[in-house]
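Trainee: The structure that follows is given in the form of structure tokens.
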Amino acid sequence: LCRDSSTLELSPTGNALHTLLIQNTACKRIRLRYSRAVNVYIRNNPLLTHLELEYTTLALLDVSSNPKLQFLSAVTVERLDISETSLPFSRAYCSTMGTLTFRASNMRKTDLFNYPKFEAFLRICAMSDVGLFDISD
């Protein structure tokens with residue numbers, strides 16, 4: 001995917017998908033609109049920098065192992081994994097994105113762990129109802 005273009009745009013219609021998997025592409029940008037998928041896995045895309053999802057709610061969003069990913073736009077996500085990405089701090093983490101589980105392992109090179117953003121991040125997640133919070137190395 002994305003060999004002739006750096007952007008992948010999908011607007012699936014019809015019956016609801018249970019799982020959508022996009023991996024090992026040459027895409028720099030991915031935009032998904034109005035899909036009814038419950039679980040979305042967008043992993044192992046070495047050139048991906050920008051991901052835009054227009055959903056109402058996702059049960060799971062796994063964007064791990066996209067080392068250049070710097071932008072994520074999503075509405076409500078119950079289980080979120082941003083491990084091994086370059087995503088910056090967002091006040092949406094643990095409050096609307098990763099409301100049940102939040103994983104961000106191997107993220108030392110991002111601004112997520114820079115004080116005072118890290119302090120704000122911990123405060124938001126500590127005050128939320130997140131059942132699993134993983135920021136391991």
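Just remember, in the structure tokens the first chain shown is A, the second B, etc., residues are 1-based per chain, and ligands are 1-based in the order shown.
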When DSSP is applied to the backbone of this structure, which of region 1-73 of chain A are assigned strand (DSSP E)? Write them out as an MDAnalysis selection string.

Mentor: chainID A and resid 7:10 19:23 29:33 39:43 50:54 57:62 71:73

Trainee: What would the file look like if the residues just selected were written as a short mmCIF file (atom, residue, chain, number, x, y, z; two decimals), in the first residue's frame with N, CA, C and O atoms?

Mentor:
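File produced: result.cif:
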```cif
data_model
loop_
_atom_site.label_atom_id
_atom_site.label_comp_id
_atom_site.auth_asym_id
_atom_site.auth_seq_id
_atom_site.Cartn_x
_atom_site.Cartn_y
_atom_site.Cartn_z
N THR A 7 -0.22 8.76 0.99
CA THR A 7 -1.42 8.80 1.83
C THR A 7 -2.38 7.68 1.48
O THR A 7 -2.66 7.43 0.32
N LEU A 8 -2.88 7.03 2.52
CA LEU A 8 -3.92 6.01 2.37
C LEU A 8 -5.19 6.56 2.99
O LEU A 8 -5.20 6.94 4.16
N GLU A 9 -6.25 6.65 2.20
CA GLU A 9 -7.55 7.09 2.70
C GLU A 9 -8.55 5.99 2.48
O GLU A 9 -8.71 5.48 1.39
N LEU A 10 -9.22 5.60 3.57
CA LEU A 10 -10.23 4.56 3.50
C LEU A 10 -11.52 5.09 4.12
O LEU A 10 -11.49 5.70 5.19
N THR A 19 -12.51 -6.36 13.12
CA THR A 19 -11.10 -6.01 13.24
C THR A 19 -10.58 -5.48 11.91
O THR A 19 -10.86 -6.04 10.87
N LEU A 20 -9.82 -4.40 11.99
CA LEU A 20 -9.15 -3.82 10.83
C LEU A 20 -7.66 -3.80 11.13
O LEU A 20 -7.24 -3.30 12.18
N LEU A 21 -6.85 -4.36 10.23
CA LEU A 21 -5.40 -4.43 10.41
C LEU A 21 -4.71 -3.80 9.22
O LEU A 21 -4.97 -4.18 8.07
N ILE A 22 -3.85 -2.83 9.49
CA ILE A 22 -3.02 -2.20 8.46
C ILE A 22 -1.60 -2.23 8.98
O ILE A 22 -1.29 -1.58 9.98
N GLN A 23 -0.73 -2.98 8.32
CA GLN A 23 0.65 -3.06 8.79
C GLN A 23 1.62 -3.24 7.63
O GLN A 23 1.23 -3.64 6.54
N ARG A 29 0.93 8.86 5.72
CA ARG A 29 -0.31 9.34 6.34
C ARG A 29 -1.42 8.32 6.08
O ARG A 29 -1.53 7.80 4.99
N ILE A 30 -2.23 8.09 7.11
CA ILE A 30 -3.40 7.22 6.96
C ILE A 30 -4.59 7.97 7.52
O ILE A 30 -4.53 8.52 8.63
N ARG A 31 -5.67 7.97 6.75
CA ARG A 31 -6.91 8.60 7.18
C ARG A 31 -8.05 7.60 7.00
O ARG A 31 -8.30 7.14 5.89
N LEU A 32 -8.70 7.26 8.11
CA LEU A 32 -9.83 6.33 8.08
C LEU A 32 -11.07 7.09 8.51
O LEU A 32 -11.08 7.74 9.56
N ARG A 33 -12.13 6.96 7.73
CA ARG A 33 -13.36 7.69 8.03
C ARG A 33 -14.56 6.77 8.11
O ARG A 33 -14.75 5.93 7.24
N ASN A 39 -12.06 -3.10 16.55
CA ASN A 39 -10.64 -3.16 16.90
C ASN A 39 -9.82 -2.74 15.69
O ASN A 39 -9.96 -3.31 14.62
N VAL A 40 -8.92 -1.76 15.89
CA VAL A 40 -8.09 -1.27 14.80
C VAL A 40 -6.62 -1.42 15.19
O VAL A 40 -6.20 -0.92 16.23
N TYR A 41 -5.90 -2.13 14.34
CA TYR A 41 -4.47 -2.33 14.52
C TYR A 41 -3.76 -1.67 13.34
O TYR A 41 -3.94 -2.09 12.20
N ILE A 42 -2.97 -0.65 13.61
CA ILE A 42 -2.16 0.01 12.59
C ILE A 42 -0.73 -0.03 13.12
O ILE A 42 -0.31 0.86 13.87
N ARG A 43 -0.01 -1.08 12.80
CA ARG A 43 1.30 -1.36 13.41
C ARG A 43 2.37 -1.58 12.35
O ARG A 43 2.07 -1.94 11.22
N HIS A 50 1.51 10.40 10.44
CA HIS A 50 0.23 11.06 10.69
C HIS A 50 -0.91 10.05 10.57
O HIS A 50 -1.03 9.38 9.55
N LEU A 51 -1.73 9.94 11.61
CA LEU A 51 -2.86 9.02 11.60
C LEU A 51 -4.11 9.75 12.06
O LEU A 51 -4.15 10.32 13.15
N GLU A 52 -5.12 9.73 11.22
CA GLU A 52 -6.37 10.41 11.53
C GLU A 52 -7.51 9.40 11.43
O GLU A 52 -7.71 8.77 10.39
N LEU A 53 -8.23 9.24 12.54
CA LEU A 53 -9.34 8.30 12.60
C LEU A 53 -10.61 9.06 12.93
O LEU A 53 -10.66 9.77 13.93
N GLU A 54 -11.62 8.89 12.12
CA GLU A 54 -12.91 9.52 12.38
C GLU A 54 -13.93 8.43 12.71
O GLU A 54 -14.62 7.93 11.84
N THR A 57 -16.51 5.59 18.51
CA THR A 57 -15.83 4.89 19.61
C THR A 57 -15.14 3.65 19.07
O THR A 57 -15.69 2.94 18.24
N LEU A 58 -13.94 3.40 19.57
CA LEU A 58 -13.23 2.17 19.25
C LEU A 58 -13.01 1.40 20.54
O LEU A 58 -12.70 2.00 21.57
N ALA A 59 -13.14 0.10 20.49
CA ALA A 59 -12.82 -0.71 21.66
C ALA A 59 -11.30 -0.78 21.82
O ALA A 59 -10.79 -0.67 22.93
N LEU A 60 -10.57 -0.93 20.70
CA LEU A 60 -9.12 -1.06 20.77
C LEU A 60 -8.47 -0.33 19.61
O LEU A 60 -8.92 -0.45 18.47
N LEU A 61 -7.42 0.42 19.91
CA LEU A 61 -6.58 1.04 18.89
C LEU A 61 -5.14 0.75 19.26
O LEU A 61 -4.64 1.18 20.30
N ASP A 62 -4.46 0.00 18.40
CA ASP A 62 -3.06 -0.35 18.60
C ASP A 62 -2.25 0.29 17.47
O ASP A 62 -2.36 -0.11 16.33
N PHE A 71 1.58 12.24 15.04
CA PHE A 71 0.24 12.84 15.13
C PHE A 71 -0.81 11.74 15.14
O PHE A 71 -0.80 10.86 14.28
N LEU A 72 -1.71 11.80 16.12
CA LEU A 72 -2.82 10.86 16.22
C LEU A 72 -4.08 11.63 16.54
O LEU A 72 -4.13 12.38 17.52
N SER A 73 -5.08 11.45 15.72
CA SER A 73 -6.38 12.06 15.95
C SER A 73 -7.41 10.94 16.03
O SER A 73 -7.60 10.20 15.09
#
```

Trainee: Got a sec: who's within 9 Å of region 105-120 of chain A, counting only C-alpha atoms, leaving out chain neighbours fewer than 6 positions off, as an MDAnalysis selection string?

Mentor: chainID A and resid 81:91 134:137

Trainee: Using CA of Leu80 (chain A) and CA of Thr25 (chain A) as the two end points, give the distance in Å to one decimal.

Mentor: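 Atom-to-atom, CA of Leu80 (chain A) to CA of Thr25 (chain A), that is 20.7 Å.
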
Trainee: Figure out the distance between CA of Leu47 (chain A) and CA of Ala74 (chain A), please, to one decimal in Å.

Mentor: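 Value for the CA of Ala74 (chain A)-CA of Leu47 (chain A) distance: 19.5 Å.
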
Trainee: My list of candidates is A:Val130, A:Tyr55, A:Val75, A:Leu122. Which is closest to Thr101 (chain A) when distances are computed with only C-alpha atoms?

Mentor: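 So, comparing all the options, the nearest one is A:Val130.
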
Trainee: May I have all residues of region 61-131 of chain A that DSSP, computed from the backbone, assigns to alpha helix (DSSP H), given as a list of chain:residue names?

Mentor: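 So, restricting region 61-131 of chain A to alpha helix (DSSP H), we get A:Lys117, A:Phe118, A:Glu119, A:Ala120, A:Phe121, A:Leu122, A:Arg123, A:Ile124, A:Cys125, A:Ala126.
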
Trainee: May I have the residues from that selection written out with N, CA and C atoms, as a PDB file, in the first residue's frame?

Mentor:
```
ATOM      1  N   LYS A 117       5.252  18.000  31.470  1.00  0.00           N
ATOM      2  CA  LYS A 117       4.233  17.236  30.754  1.00  0.00           C
ATOM      3  C   LYS A 117       4.018  15.871  31.386  1.00  0.00           C
ATOM      4  N   PHE A 118       5.105  15.247  31.826  1.00  0.00           N
ATOM      5  CA  PHE A 118       4.993  13.926  32.437  1.00  0.00           C
ATOM      6  C   PHE A 118       4.181  13.992  33.728  1.00  0.00           C
ATOM      7  N   GLU A 119       4.378  15.026  34.505  1.00  0.00           N
ATOM      8  CA  GLU A 119       3.619  15.198  35.739  1.00  0.00           C
ATOM      9  C   GLU A 119       2.127  15.352  35.437  1.00  0.00           C
ATOM     10  N   ALA A 120       1.795  16.152  34.436  1.00  0.00           N
ATOM     11  CA  ALA A 120       0.393  16.324  34.035  1.00  0.00           C
ATOM     12  C   ALA A 120      -0.181  15.011  33.524  1.00  0.00           C
ATOM     13  N   PHE A 121       0.592  14.289  32.742  1.00  0.00           N
ATOM     14  CA  PHE A 121       0.188  12.998  32.198  1.00  0.00           C
ATOM     15  C   PHE A 121      -0.132  12.017  33.323  1.00  0.00           C
ATOM     16  N   LEU A 122       0.759  11.917  34.303  1.00  0.00           N
ATOM     17  CA  LEU A 122       0.532  11.016  35.434  1.00  0.00           C
ATOM     18  C   LEU A 122      -0.698  11.422  36.240  1.00  0.00           C
ATOM     19  N   ARG A 123      -0.876  12.710  36.437  1.00  0.00           N
ATOM     20  CA  ARG A 123      -2.029  13.201  37.195  1.00  0.00           C
ATOM     21  C   ARG A 123      -3.343  12.825  36.488  1.00  0.00           C
ATOM     22  N   ILE A 124      -3.400  13.044  35.189  1.00  0.00           N
ATOM     23  CA  ILE A 124      -4.607  12.719  34.412  1.00  0.00           C
ATOM     24  C   ILE A 124      -4.912  11.227  34.512  1.00  0.00           C
ATOM     25  N   CYS A 125      -3.894  10.402  34.315  1.00  0.00           N
ATOM     26  CA  CYS A 125      -4.104   8.953  34.324  1.00  0.00           C
ATOM     27  C   CYS A 125      -4.412   8.429  35.720  1.00  0.00           C
ATOM     28  N   ALA A 126      -3.811   9.028  36.749  1.00  0.00           N
ATOM     29  CA  ALA A 126      -4.067   8.587  38.126  1.00  0.00           C
ATOM     30  C   ALA A 126      -5.495   8.910  38.551  1.00  0.00           C
TER      31      ALA A 126
END
```

Trainee: Go ahead and compute the interatomic distance for CA of Asn24 (chain A) and CA of Gly98 (chain A), in Å to one decimal.

Mentor: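 Answer for the CA of Asn24 (chain A) to CA of Gly98 (chain A) separation: 23.9 Å.
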